[in-house]
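K.L.:
This one is entry-v1.txt, compact mmCIF, C-alpha atoms.
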```
# COMPACT_ATOMS: atom_id res chain seq x y z
CA MET A 1 25.47 21.10 15.51
CA THR A 2 25.05 18.39 12.87
CA LEU A 3 21.65 17.53 11.45
CA ASN A 4 21.40 14.20 13.23
CA GLU A 5 22.00 15.35 16.76
CA LYS A 6 18.41 16.17 17.59
CA VAL A 7 16.61 12.84 17.90
CA THR A 8 12.90 13.07 17.21
CA MET A 9 10.05 10.58 17.19
CA LYS A 10 10.50 10.40 13.40
CA ASP A 11 14.09 9.30 13.96
CA LEU A 12 13.04 6.64 16.45
CA LEU A 13 10.38 5.25 14.12
CA SER A 14 12.78 5.16 11.19
CA GLU A 15 15.41 3.48 13.40
CA GLY A 16 12.80 0.84 14.23
CA LEU A 17 12.22 0.32 10.52
CA TYR A 18 15.98 0.05 9.93
CA ILE A 19 16.34 -2.68 12.57
CA LEU A 20 13.39 -4.60 11.13
CA MET A 21 14.85 -4.37 7.63
CA GLN A 22 17.91 -6.23 8.85
CA GLN A 23 15.65 -9.10 9.90
CA LYS A 24 13.06 -9.40 7.13
CA PRO A 25 12.15 -8.09 3.66
CA PHE A 26 10.58 -4.64 3.55
CA GLU A 27 7.35 -5.99 2.02
CA LYS A 28 6.74 -8.13 5.07
CA ILE A 29 7.19 -5.33 7.56
CA THR A 30 3.94 -3.96 8.98
CA ILE A 31 3.22 -0.70 10.75
CA LYS A 32 2.37 -2.70 13.87
CA GLN A 33 5.86 -4.21 13.88
CA ILE A 34 7.46 -0.77 13.53
CA CYS A 35 5.28 0.53 16.36
CA ASP A 36 6.11 -2.46 18.57
CA LYS A 37 9.81 -2.00 17.92
CA THR A 38 9.59 1.69 18.83
CA GLY A 39 7.10 1.25 21.67
CA VAL A 40 4.42 3.54 20.28
CA ILE A 41 0.85 3.13 19.04
CA ARG A 42 -0.36 3.24 15.44
CA GLY A 43 -1.67 6.79 15.89
CA THR A 44 1.81 8.05 16.75
CA PHE A 45 3.22 6.49 13.58
CA TYR A 46 0.50 8.13 11.48
CA ASN A 47 1.17 11.46 13.18
CA HIS A 48 4.61 11.43 11.55
CA PHE A 49 4.35 9.29 8.41
CA MET A 50 1.63 8.42 5.95
CA ASP A 51 2.97 4.88 5.45
CA LYS A 52 6.12 2.76 5.77
CA TYR A 53 7.42 4.02 2.42
CA GLU A 54 7.49 7.56 3.74
CA ALA A 55 9.33 6.28 6.81
CA LEU A 56 11.91 4.60 4.57
CA GLU A 57 12.36 7.81 2.56
CA TYR A 58 12.96 9.71 5.78
CA LEU A 59 15.40 7.04 6.99
CA ILE A 60 17.47 7.22 3.80
CA HIS A 61 17.41 11.00 3.78
CA ARG A 62 18.67 10.94 7.36
CA MET A 63 21.41 8.41 6.57
CA PHE A 64 22.66 10.52 3.67
CA TYR A 65 22.82 13.67 5.74
CA LYS A 66 24.41 12.05 8.79
CA GLY A 67 27.51 14.03 9.69
CA ILE A 68 26.85 16.68 7.05
CA GLU A 69 26.77 20.18 8.50
CA HIS A 70 24.78 21.99 5.82
CA GLU A 71 22.08 20.55 3.59
CA SER A 72 23.52 22.48 0.65
CA ASN A 73 27.04 21.02 0.93
CA PRO A 74 28.04 19.73 -2.57
CA GLN A 75 30.19 17.06 -0.83
CA ILE A 76 26.93 15.29 -0.08
CA ILE A 77 27.20 13.23 -3.28
CA LYS A 78 30.47 11.65 -2.20
CA HIS A 79 28.95 11.14 1.21
CA ILE A 80 26.01 9.29 -0.39
CA PHE A 81 28.36 6.80 -2.06
CA GLN A 82 30.26 6.36 1.20
CA THR A 83 27.01 5.74 3.12
CA VAL A 84 25.80 3.20 0.57
CA SER A 85 29.18 1.47 0.66
CA ASP A 86 29.16 1.34 4.48
CA ASP A 87 25.69 -0.23 4.58
CA ARG A 88 25.79 -2.48 1.52
CA ASP A 89 23.36 -5.14 2.65
CA PHE A 90 20.76 -2.60 3.64
CA PHE A 91 20.86 -0.82 0.28
CA LYS A 92 20.92 -4.09 -1.64
CA SER A 93 17.74 -5.11 0.15
CA CYS A 94 16.28 -1.66 -0.57
CA TYR A 95 16.80 -2.13 -4.31
CA ARG A 96 14.61 -5.23 -4.10
CA ILE A 97 11.61 -3.01 -3.32
CA THR A 98 9.84 -2.70 -6.64
CA GLY A 99 6.37 -1.86 -7.87
CA GLN A 100 4.20 1.18 -7.40
CA ASN A 101 6.16 2.52 -4.43
CA GLY A 102 9.48 1.11 -5.63
CA PHE A 103 12.81 2.07 -4.15
CA GLU A 104 13.99 3.84 -7.29
CA ASP A 105 11.06 6.27 -7.16
CA LEU A 106 11.78 6.87 -3.52
CA MET A 107 15.48 7.47 -4.16
CA SER A 108 14.64 9.76 -7.03
CA ASN A 109 12.64 11.94 -4.61
CA VAL A 110 15.50 11.94 -2.10
CA PHE A 111 18.06 12.86 -4.76
CA LYS A 112 15.87 15.61 -6.18
CA GLU A 113 15.64 17.17 -2.76
CA ILE A 114 19.40 16.87 -2.32
CA PHE A 115 20.11 18.55 -5.67
CA ARG A 116 17.55 21.24 -4.94
CA ASN A 117 19.49 22.00 -1.77
CA VAL A 118 22.81 21.93 -3.64
CA PHE A 119 21.45 24.29 -6.30
CA SER A 120 20.23 26.67 -3.64
CA TYR A 121 23.90 26.92 -2.59
CA LEU A 122 25.15 27.59 -6.12
CA ASP A 123 24.91 30.86 -7.97
CA VAL A 124 22.40 30.25 -10.76
CA SER A 125 21.80 33.90 -11.64
CA ARG A 126 23.71 33.51 -14.92
CA LEU A 127 22.17 30.19 -15.85
CA ASP A 128 21.36 29.79 -19.54
CA SER A 129 17.74 30.90 -19.91
CA ARG A 130 16.86 27.66 -21.77
CA PHE A 131 17.38 25.70 -18.56
CA THR A 132 15.51 25.89 -15.32
CA VAL A 133 16.76 24.74 -11.92
CA ASP A 134 13.96 22.15 -11.80
CA PHE A 135 15.10 20.69 -15.11
CA LEU A 136 18.70 20.44 -13.90
CA VAL A 137 17.59 18.95 -10.58
CA ASP A 138 15.69 16.22 -12.45
CA TYR A 139 18.59 15.61 -14.79
CA TYR A 140 21.25 15.23 -12.10
CA ALA A 141 18.99 13.27 -9.74
CA ASN A 142 18.30 10.68 -12.44
CA ASP A 143 22.00 10.57 -13.36
CA LEU A 144 22.94 9.90 -9.77
CA LEU A 145 20.22 7.28 -9.48
CA TYR A 146 21.66 5.47 -12.48
CA PHE A 147 25.27 5.72 -11.26
CA LEU A 148 24.31 4.31 -7.89
CA LYS A 149 22.30 1.43 -9.35
CA TYR A 150 25.12 0.60 -11.75
CA TRP A 151 27.64 0.62 -8.93
CA ILE A 152 25.51 -1.65 -6.74
CA SER A 153 24.93 -4.03 -9.67
CA ARG A 154 28.74 -4.18 -10.08
CA ASN A 155 29.00 -5.24 -6.45
CA PHE A 156 30.40 -1.86 -5.34
CA GLU A 157 33.37 -2.02 -7.69
CA PRO A 158 35.50 0.10 -8.01
CA ASP A 159 35.95 1.60 -4.55
CA VAL A 160 34.17 4.78 -3.48
CA GLU A 161 37.10 7.13 -4.16
CA THR A 162 37.73 5.89 -7.70
CA TYR A 163 34.07 5.69 -8.66
CA TYR A 164 33.22 9.10 -7.20
CA ALA A 165 36.18 10.66 -9.01
CA LYS A 166 34.76 9.39 -12.32
CA ILE A 167 31.27 10.61 -11.56
CA ASP A 168 32.58 13.95 -10.41
CA ILE A 169 34.22 14.43 -13.80
CA LEU A 170 31.01 13.50 -15.60
CA PHE A 171 28.93 15.80 -13.41
CA LYS A 172 31.22 18.75 -13.83
CA ASN A 173 32.07 18.49 -17.54
CA SER A 174 30.07 18.40 -20.69
CA ILE A 175 30.73 15.96 -23.56
CA LYS A 176 32.79 18.61 -25.36
CA GLU A 177 35.12 19.02 -22.42
CA LEU A 178 35.77 15.27 -22.06
CA ASN A 179 37.91 15.27 -25.21
CA ILE A 180 35.28 13.32 -27.14
CA ARG A 181 35.36 14.27 -30.82
CA TYR A 182 33.47 13.20 -33.90
CA MET A 183 35.36 10.56 -35.85
CA ASP A 184 35.72 10.94 -39.55
CA LYS A 185 34.67 7.45 -40.66
CA SER A 186 35.27 8.08 -44.33
CA MET B 1 -30.89 -23.47 9.41
CA LEU B 2 -27.27 -24.34 8.64
CA ILE B 3 -27.49 -22.64 5.25
CA PHE B 4 -29.11 -19.66 6.95
CA GLY B 5 -26.18 -19.25 9.35
CA ILE B 6 -23.45 -19.90 6.78
CA LEU B 7 -25.00 -17.38 4.42
CA CYS B 8 -25.04 -14.65 7.07
CA ILE B 9 -21.37 -15.12 7.93
CA CYS B 10 -20.41 -15.41 4.26
CA LEU B 11 -22.18 -12.16 3.40
CA SER B 12 -20.33 -10.41 6.21
CA LEU B 13 -16.82 -11.58 5.30
CA ASP B 14 -16.14 -8.84 2.74
CA VAL B 15 -17.34 -6.24 5.24
CA PHE B 16 -14.89 -7.68 7.75
CA VAL B 17 -12.07 -7.18 5.24
CA CYS B 18 -13.17 -3.55 4.80
CA ALA B 19 -13.21 -3.10 8.58
CA LEU B 20 -9.72 -4.59 8.96
CA GLU B 21 -8.29 -2.29 6.29
CA GLN B 22 -10.07 0.78 7.58
CA GLY B 23 -8.94 0.05 11.13
CA ALA B 24 -5.35 -0.24 9.91
CA SER B 25 -5.57 3.12 8.11
CA ILE B 26 -6.87 5.43 10.82
CA ARG B 27 -4.91 7.64 13.16
CA ASN B 28 -7.11 7.35 16.26
CA ILE B 29 -9.70 4.76 17.20
CA ARG B 30 -12.88 5.70 19.05
CA PHE B 31 -15.80 3.50 20.01
CA SER B 32 -18.31 5.99 18.57
CA LYS B 33 -16.49 5.97 15.23
CA ALA B 34 -16.46 2.16 15.09
CA LEU B 35 -20.17 2.08 16.04
CA VAL B 36 -21.24 4.63 13.40
CA TYR B 37 -19.22 2.98 10.63
CA GLY B 38 -20.51 -0.44 11.74
CA LEU B 39 -24.10 0.79 11.67
CA ILE B 40 -23.65 2.19 8.16
CA PHE B 41 -22.21 -1.10 6.90
CA ALA B 42 -24.86 -3.15 8.70
CA LEU B 43 -27.70 -1.03 7.33
CA CYS B 44 -26.34 -1.14 3.80
CA SER B 45 -25.75 -4.91 3.88
CA SER B 46 -29.16 -5.84 5.26
CA GLY B 47 -30.84 -3.13 3.18
CA MET B 48 -29.27 -4.39 -0.02
CA PHE B 49 -30.22 -7.94 0.90
CA LEU B 50 -33.86 -6.89 1.38
CA LEU B 51 -33.76 -4.89 -1.83
CA GLY B 52 -32.53 -7.92 -3.77
CA HIS B 53 -35.17 -10.08 -2.19
CA GLY B 54 -37.89 -7.51 -2.83
CA MET B 55 -36.88 -7.12 -6.47
CA SER B 56 -36.97 -10.84 -7.08
CA THR B 57 -40.35 -11.09 -5.33
CA TYR B 58 -42.18 -8.22 -6.98
CA ILE B 59 -40.39 -7.79 -10.28
CA PHE B 60 -38.83 -11.06 -11.43
CA GLY B 61 -40.45 -13.46 -8.96
CA ARG B 62 -43.91 -14.39 -10.13
CA PRO B 63 -43.48 -14.58 -13.87
CA LEU B 64 -40.19 -16.43 -13.47
CA ALA B 65 -41.20 -18.68 -10.56
CA THR B 66 -40.49 -21.80 -12.59
CA LEU B 67 -36.83 -20.84 -12.80
CA ASN B 68 -36.61 -20.80 -8.97
CA LYS B 69 -33.46 -22.67 -7.97
CA TYR B 70 -31.61 -22.03 -11.25
CA VAL B 71 -31.34 -18.36 -10.39
CA ALA B 72 -29.98 -19.15 -6.93
CA ILE B 73 -27.45 -21.62 -8.40
CA PHE B 74 -26.36 -19.06 -10.98
CA VAL B 75 -25.96 -16.28 -8.38
CA PHE B 76 -23.90 -18.43 -6.00
CA LEU B 77 -21.81 -19.86 -8.81
CA ILE B 78 -20.92 -16.42 -10.17
CA LEU B 79 -20.24 -14.96 -6.73
CA GLY B 80 -18.18 -17.98 -5.66
CA ASN B 81 -16.00 -17.92 -8.75
CA GLY B 82 -15.67 -14.16 -8.59
CA MET B 83 -14.57 -14.20 -4.96
CA ILE B 84 -12.02 -16.99 -5.49
CA ILE B 85 -10.50 -15.27 -8.53
CA TYR B 86 -10.45 -11.95 -6.66
CA SER B 87 -8.70 -13.57 -3.69
CA PHE B 88 -5.80 -14.54 -5.98
CA LYS B 89 -5.71 -11.40 -8.09
CA ARG B 90 -6.06 -8.92 -5.26
CA GLY B 91 -2.96 -6.76 -4.82
CA LYS B 92 -1.18 -6.45 -1.51
CA PHE B 93 -2.84 -4.00 0.84
CA VAL B 94 -0.57 -1.13 1.88
CA GLU B 95 -1.26 0.31 5.31
CA ARG B 96 -1.54 4.05 4.69
CA LEU B 97 -3.12 6.86 6.66
CA GLN B 98 -6.58 7.69 5.38
CA GLU B 99 -9.21 10.08 6.65
CA PHE B 100 -12.67 8.64 6.06
CA ASP B 101 -15.79 10.77 5.95
CA THR B 102 -19.34 9.48 6.24
CA LYS B 103 -19.97 9.91 2.51
CA GLN B 104 -16.98 7.73 1.68
CA ILE B 105 -18.04 5.08 4.20
CA ILE B 106 -21.57 4.96 2.72
CA LYS B 107 -20.08 4.55 -0.75
CA LEU B 108 -17.84 1.69 0.42
CA ALA B 109 -20.72 0.09 2.31
CA LEU B 110 -22.94 0.18 -0.79
CA ILE B 111 -20.20 -1.38 -2.91
CA GLY B 112 -19.62 -4.00 -0.20
CA GLY B 113 -23.35 -4.67 -0.08
CA LEU B 114 -23.59 -5.62 -3.75
CA ASP B 115 -23.06 -9.31 -2.97
CA CYS B 116 -25.87 -9.05 -0.38
CA PHE B 117 -28.14 -7.74 -3.13
CA PHE B 118 -27.41 -10.68 -5.43
CA VAL B 119 -27.70 -13.20 -2.62
CA GLY B 120 -31.01 -11.54 -1.72
CA VAL B 121 -32.17 -12.22 -5.28
CA GLY B 122 -31.01 -15.84 -4.99
CA CYS B 123 -32.47 -16.20 -1.52
CA TYR B 124 -36.04 -15.64 -2.69
CA TYR B 125 -35.78 -18.74 -4.80
CA MET B 126 -34.39 -20.71 -1.86
CA ASN B 127 -37.41 -19.88 0.33
CA LEU B 128 -35.31 -18.66 3.25
CA PRO B 129 -36.91 -16.46 5.95
CA TYR B 130 -35.74 -13.19 4.48
CA LEU B 131 -36.70 -10.85 7.34
CA MET B 132 -34.96 -12.98 9.92
CA GLU B 133 -31.98 -13.38 7.57
CA SER B 134 -31.63 -9.64 7.12
CA LEU B 135 -31.96 -9.00 10.88
CA VAL B 136 -29.29 -11.59 11.72
CA LEU B 137 -27.15 -10.19 8.92
CA PHE B 138 -27.50 -6.70 10.41
CA LEU B 139 -26.35 -7.88 13.83
CA ILE B 140 -23.46 -10.01 12.53
CA VAL B 141 -22.20 -7.21 10.28
CA LEU B 142 -22.45 -4.64 13.07
CA ALA B 143 -20.66 -6.75 15.67
CA GLY B 144 -18.16 -8.21 13.18
CA TYR B 145 -17.35 -4.80 11.71
CA MET B 146 -16.60 -3.31 15.12
CA ILE B 147 -14.46 -6.26 16.20
CA HIS B 148 -12.49 -6.25 12.94
CA PHE B 149 -12.11 -2.48 13.05
CA TYR B 150 -10.36 -2.82 16.41
CA ILE B 151 -8.31 -5.83 15.21
CA GLY B 152 -7.21 -3.82 12.17
CA TYR B 153 -6.14 -0.88 14.33
CA TYR B 154 -4.22 -2.91 16.90
CA ASN B 155 -2.90 -5.78 14.78
CA GLY B 156 -2.92 -4.46 11.22
CA ALA B 157 -4.81 -5.84 8.22
CA ARG B 158 -3.92 -9.45 7.40
CA TYR B 159 -5.56 -12.54 5.92
CA GLN B 160 -7.86 -10.56 3.60
CA LYS B 161 -7.20 -13.00 0.77
CA VAL B 162 -8.14 -15.90 3.04
CA TYR B 163 -11.43 -14.18 3.88
CA TYR B 164 -12.30 -13.73 0.21
CA PHE B 165 -11.21 -17.26 -0.66
CA LEU B 166 -13.28 -18.72 2.15
CA CYS B 167 -16.27 -16.66 1.08
CA GLY B 168 -15.91 -17.88 -2.52
CA VAL B 169 -15.60 -21.51 -1.44
CA VAL B 170 -18.77 -21.27 0.65
CA TYR B 171 -20.72 -19.71 -2.22
CA LEU B 172 -19.49 -22.44 -4.55
CA PHE B 173 -20.37 -25.07 -2.00
CA MET B 174 -23.89 -23.63 -1.76
CA SER B 175 -24.37 -23.63 -5.50
CA LEU B 176 -23.12 -27.23 -5.71
CA SER B 177 -25.42 -28.33 -2.90
CA LEU B 178 -28.35 -26.77 -4.79
CA ILE B 179 -27.28 -28.54 -7.98
CA PHE B 180 -27.18 -31.90 -6.19
CA LYS B 181 -30.57 -31.21 -4.64
CA LEU B 182 -31.97 -30.44 -8.06
CA ILE B 183 -30.52 -33.61 -9.61
CA ARG B 184 -31.90 -35.76 -6.79
CA LEU B 185 -35.34 -34.25 -7.26
```
Here is a file; write its structure as structure tokens.
P.N.:
Amino acid sequence: MTLNEKVTMKDLLSEGLYILMQQKPFEKITIKQICDKTGVIRGTFYNHFMDKYEALEYLIHRMFYKGIEHESNPQIIKHIFQTVSDDRDFFKSCYRITGQNGFEDLMSNVFKEIFRNVFSYLDVSRLDSRFTVDFLVDYYANDLLYFLKYWISRNFEPDVETYYAKIDILFKNSIKELNIRYMDKS
Amino acid sequence: MLIFGILCICLSLDVFVCALEQGASIRNIRFSKALVYGLIFALCSSGMFLLGHGMSTYIFGRPLATLNKYVAIFVFLILGNGMIIYSFKRGKFVERLQEFDTKQIIKLALIGGLDCFFVGVGCYYMNLPYLMESLVLFLIVLAGYMIHFYIGYYNGARYQKVYYFLCGVVYLFMSLSLIFKLIRL
């Protein structure tokens, strides 16, 4: 069974938000509109989410994991790029959400959770004692956030396969292993 | 009489904004909850108004009686400007679940009642019937709070900036009308 097969009230509410985001900017969407779209009352929304930002975070999390069997699957990163590429307009509009509850902060939280899941799948017993899993999770989440933003700003060029292949190399190799050497300028 | 009525509504407008936002932030709405919160806001607003009036009567009033309308003009001018500036500078309200307790509501009601206090001070110098004013204020705040609490829950919080702007304009209008009255005299 994939993660998205069991439809819950949270899913319905986030679907409502998704439909509304196709019609108007996120800032203009109210909880009443989400409730009307889903056919529930305000209390039901608050039983599942604190605010619309939390609903958006859930929606994105759900989109990224759609069709993924295990939360710890390292293939998730490629899947993220594919999902963003498939729903370009939606993610472009998401990046317009700035300010205190900006989209980048939200994505950072989503990515941290994803990397935490990925790290739980990896064997970290022989990890260098100077690094902690939390540190690495932060590091890779912010890297991924940057790569994604850069890609969107470049209008999704190059295609998913080529771009992911590049990122995969960067994720899996250190500077030393990329054949970068100090130049003797003298 | 007109000034009396306008003043009551004007003093309640910021409470209405509070009610809208609180209504939009609660999980479940109950009549008893709306009534209790409304009573707290109504008591604080009319109480602060009476306090302001009492202070100007017994502390500042007699020795400063010659200043009479100047104080009222000053109070309305400051409040009017403050409200208009606040209506532009106010950030966008984000509907977010909040659990209010009575202590928090009293704190918010006291903060919201500050303008009532200052208007109470100004009101002494305008020779308005203060007891009647505070009673009408109590009733308007109570009824208005409950109505706006329900509106906030069912329709969400909107137009807060308009409320503040309107409030500021009315205060400014009152100060200007007092200035004109003073010049004519």
K.L.:
Using only C-alpha atoms, determine which residues lie at most 12 Å from B:Ser175, disregarding the query and same-chain residues fewer than 5 positions distant; provide the list as an MDAnalysis selection string.
P.N.:
chainID B and resid 3 7 69:81 119 122:123 126 168:170 180:182
K.L.:
Figure out the distance between atom CA of A:Asp89 and atom CA of A:Glu104, please, to one decimal in Å.
P.N.:
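So the answer is 16.3 Å.
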K.L.:
For a test of reading the model, state the distance in Å between atom CA of A:Phe135 and atom CA of A:Asp51, rounded to one decimal.
P.N.:
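Between these atoms lies a distance of 28.6 Å.
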K.L.:
Counting all atoms listed in the file, what is within 10 Å of B:Gln22, bar same-chain residues fewer than 2 positions away, as a list in words?
P.N.:
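Counting all atoms listed in the file, the residues come to Phe16, Val17, Cys18, Ala19, Leu20, Ala24, Ser25, Ile26, Ala34, Tyr37, Glu95, Arg96, Leu97, Gln98, Glu99, Phe100, Ile105, His148, Phe149, Tyr150, Gly152, Tyr153, Gly156 and Ala157 of chain B.
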K.L.:
So how far away is atom CA of A:Lys28 from atom CA of B:Phe88, in Å?
P.N.:
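Result for atom CA of B:Phe88 versus atom CA of A:Lys28: 17.9 Å, one decimal.
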K.L.:
Please identify every residue of chain A that has at least one atom no more than 9 Å from any atom of chain B, counting all atoms listed in the file, and report them as a VMD selection string.
P.N.:
chain A and resid 30 to 33 41 to 47 49 to 52
K.L.:
Could you tell me which of B:Leu35, B:Thr57, B:Ala42, B:Asp14 comes closest to B:Ile140 if we count all atoms listed in the file?
P.N.:
B:Ala42
K.L.:
Would you list the contacts of stretch 107-121 of chain A as JSON, numbers by chain, taking every protein, DNA or RNA residue within 12 Å and counting all atoms listed in the file, but skipping same-chain residues closer than 6 positions in sequence?
P.N.:
{"A": [53, 54, 56, 57, 58, 59, 60, 61, 62, 63, 64, 65, 68, 70, 71, 72, 73, 74, 75, 76, 77, 79, 80, 91, 94, 95, 97, 98, 101, 127, 132, 133, 134, 135, 136, 137, 138, 139, 140, 141, 142, 143, 144, 145, 146, 148, 149]}
K.L.:
Env of B:Glu133: 10 Å cut, atoms = all atoms listed in the file, seq-sep filter 3 positions within chain, self excluded. Answer as JSON, numbers by chain.
P.N.:
{"B": [4, 5, 7, 8, 46, 49, 50, 120, 123, 128, 129, 130, 136, 137, 138]}
K.L.:
Got a sec to write stretch 8-22 of chain A of the block to a file, N, CA, C and O atoms, as a compact mmCIF listing (two decimals), in the first residue's frame?
P.N.:
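The resulting file, part.txt, is reproduced below:
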```
# COMPACT_ATOMS: atom_id res chain seq x y z
N THR A 8 -7.67 10.88 4.17
CA THR A 8 -8.16 11.35 5.46
C THR A 8 -8.75 12.75 5.30
O THR A 8 -8.66 13.35 4.22
N MET A 9 -9.32 13.26 6.39
CA MET A 9 -9.86 14.62 6.36
C MET A 9 -8.74 15.63 6.05
O MET A 9 -8.95 16.61 5.34
N LYS A 10 -7.54 15.34 6.57
CA LYS A 10 -6.39 16.21 6.29
C LYS A 10 -6.13 16.28 4.79
O LYS A 10 -5.87 17.34 4.25
N ASP A 11 -6.23 15.13 4.13
CA ASP A 11 -6.03 15.08 2.68
C ASP A 11 -7.07 15.92 1.96
O ASP A 11 -6.76 16.67 1.04
N LEU A 12 -8.33 15.78 2.40
CA LEU A 12 -9.42 16.51 1.75
C LEU A 12 -9.23 18.02 1.91
O LEU A 12 -9.41 18.79 0.96
N LEU A 13 -8.86 18.43 3.12
CA LEU A 13 -8.65 19.86 3.37
C LEU A 13 -7.49 20.40 2.53
O LEU A 13 -7.58 21.48 1.95
N SER A 14 -6.41 19.61 2.46
CA SER A 14 -5.26 20.08 1.67
C SER A 14 -5.59 20.07 0.17
O SER A 14 -5.10 20.91 -0.57
N GLU A 15 -6.42 19.13 -0.26
CA GLU A 15 -6.88 19.13 -1.66
C GLU A 15 -7.66 20.41 -1.97
O GLU A 15 -7.50 21.02 -3.02
N GLY A 16 -8.51 20.78 -1.00
CA GLY A 16 -9.30 22.02 -1.13
C GLY A 16 -8.38 23.22 -1.29
O GLY A 16 -8.60 24.09 -2.15
N LEU A 17 -7.33 23.24 -0.48
CA LEU A 17 -6.35 24.32 -0.57
C LEU A 17 -5.66 24.32 -1.93
O LEU A 17 -5.45 25.37 -2.55
N TYR A 18 -5.33 23.12 -2.42
CA TYR A 18 -4.66 22.99 -3.71
C TYR A 18 -5.52 23.57 -4.84
O TYR A 18 -5.04 24.34 -5.68
N ILE A 19 -6.80 23.24 -4.81
CA ILE A 19 -7.73 23.74 -5.85
C ILE A 19 -7.82 25.26 -5.77
O ILE A 19 -7.77 25.96 -6.79
N LEU A 20 -7.91 25.78 -4.56
CA LEU A 20 -8.01 27.24 -4.39
C LEU A 20 -6.75 27.95 -4.87
O LEU A 20 -6.81 29.05 -5.42
N MET A 21 -5.60 27.28 -4.65
CA MET A 21 -4.33 27.91 -5.08
C MET A 21 -4.19 27.99 -6.59
O MET A 21 -3.37 28.75 -7.09
N GLN A 22 -4.98 27.22 -7.30
CA GLN A 22 -4.98 27.32 -8.77
C GLN A 22 -5.77 28.56 -9.21
O GLN A 22 -5.61 29.04 -10.32
```
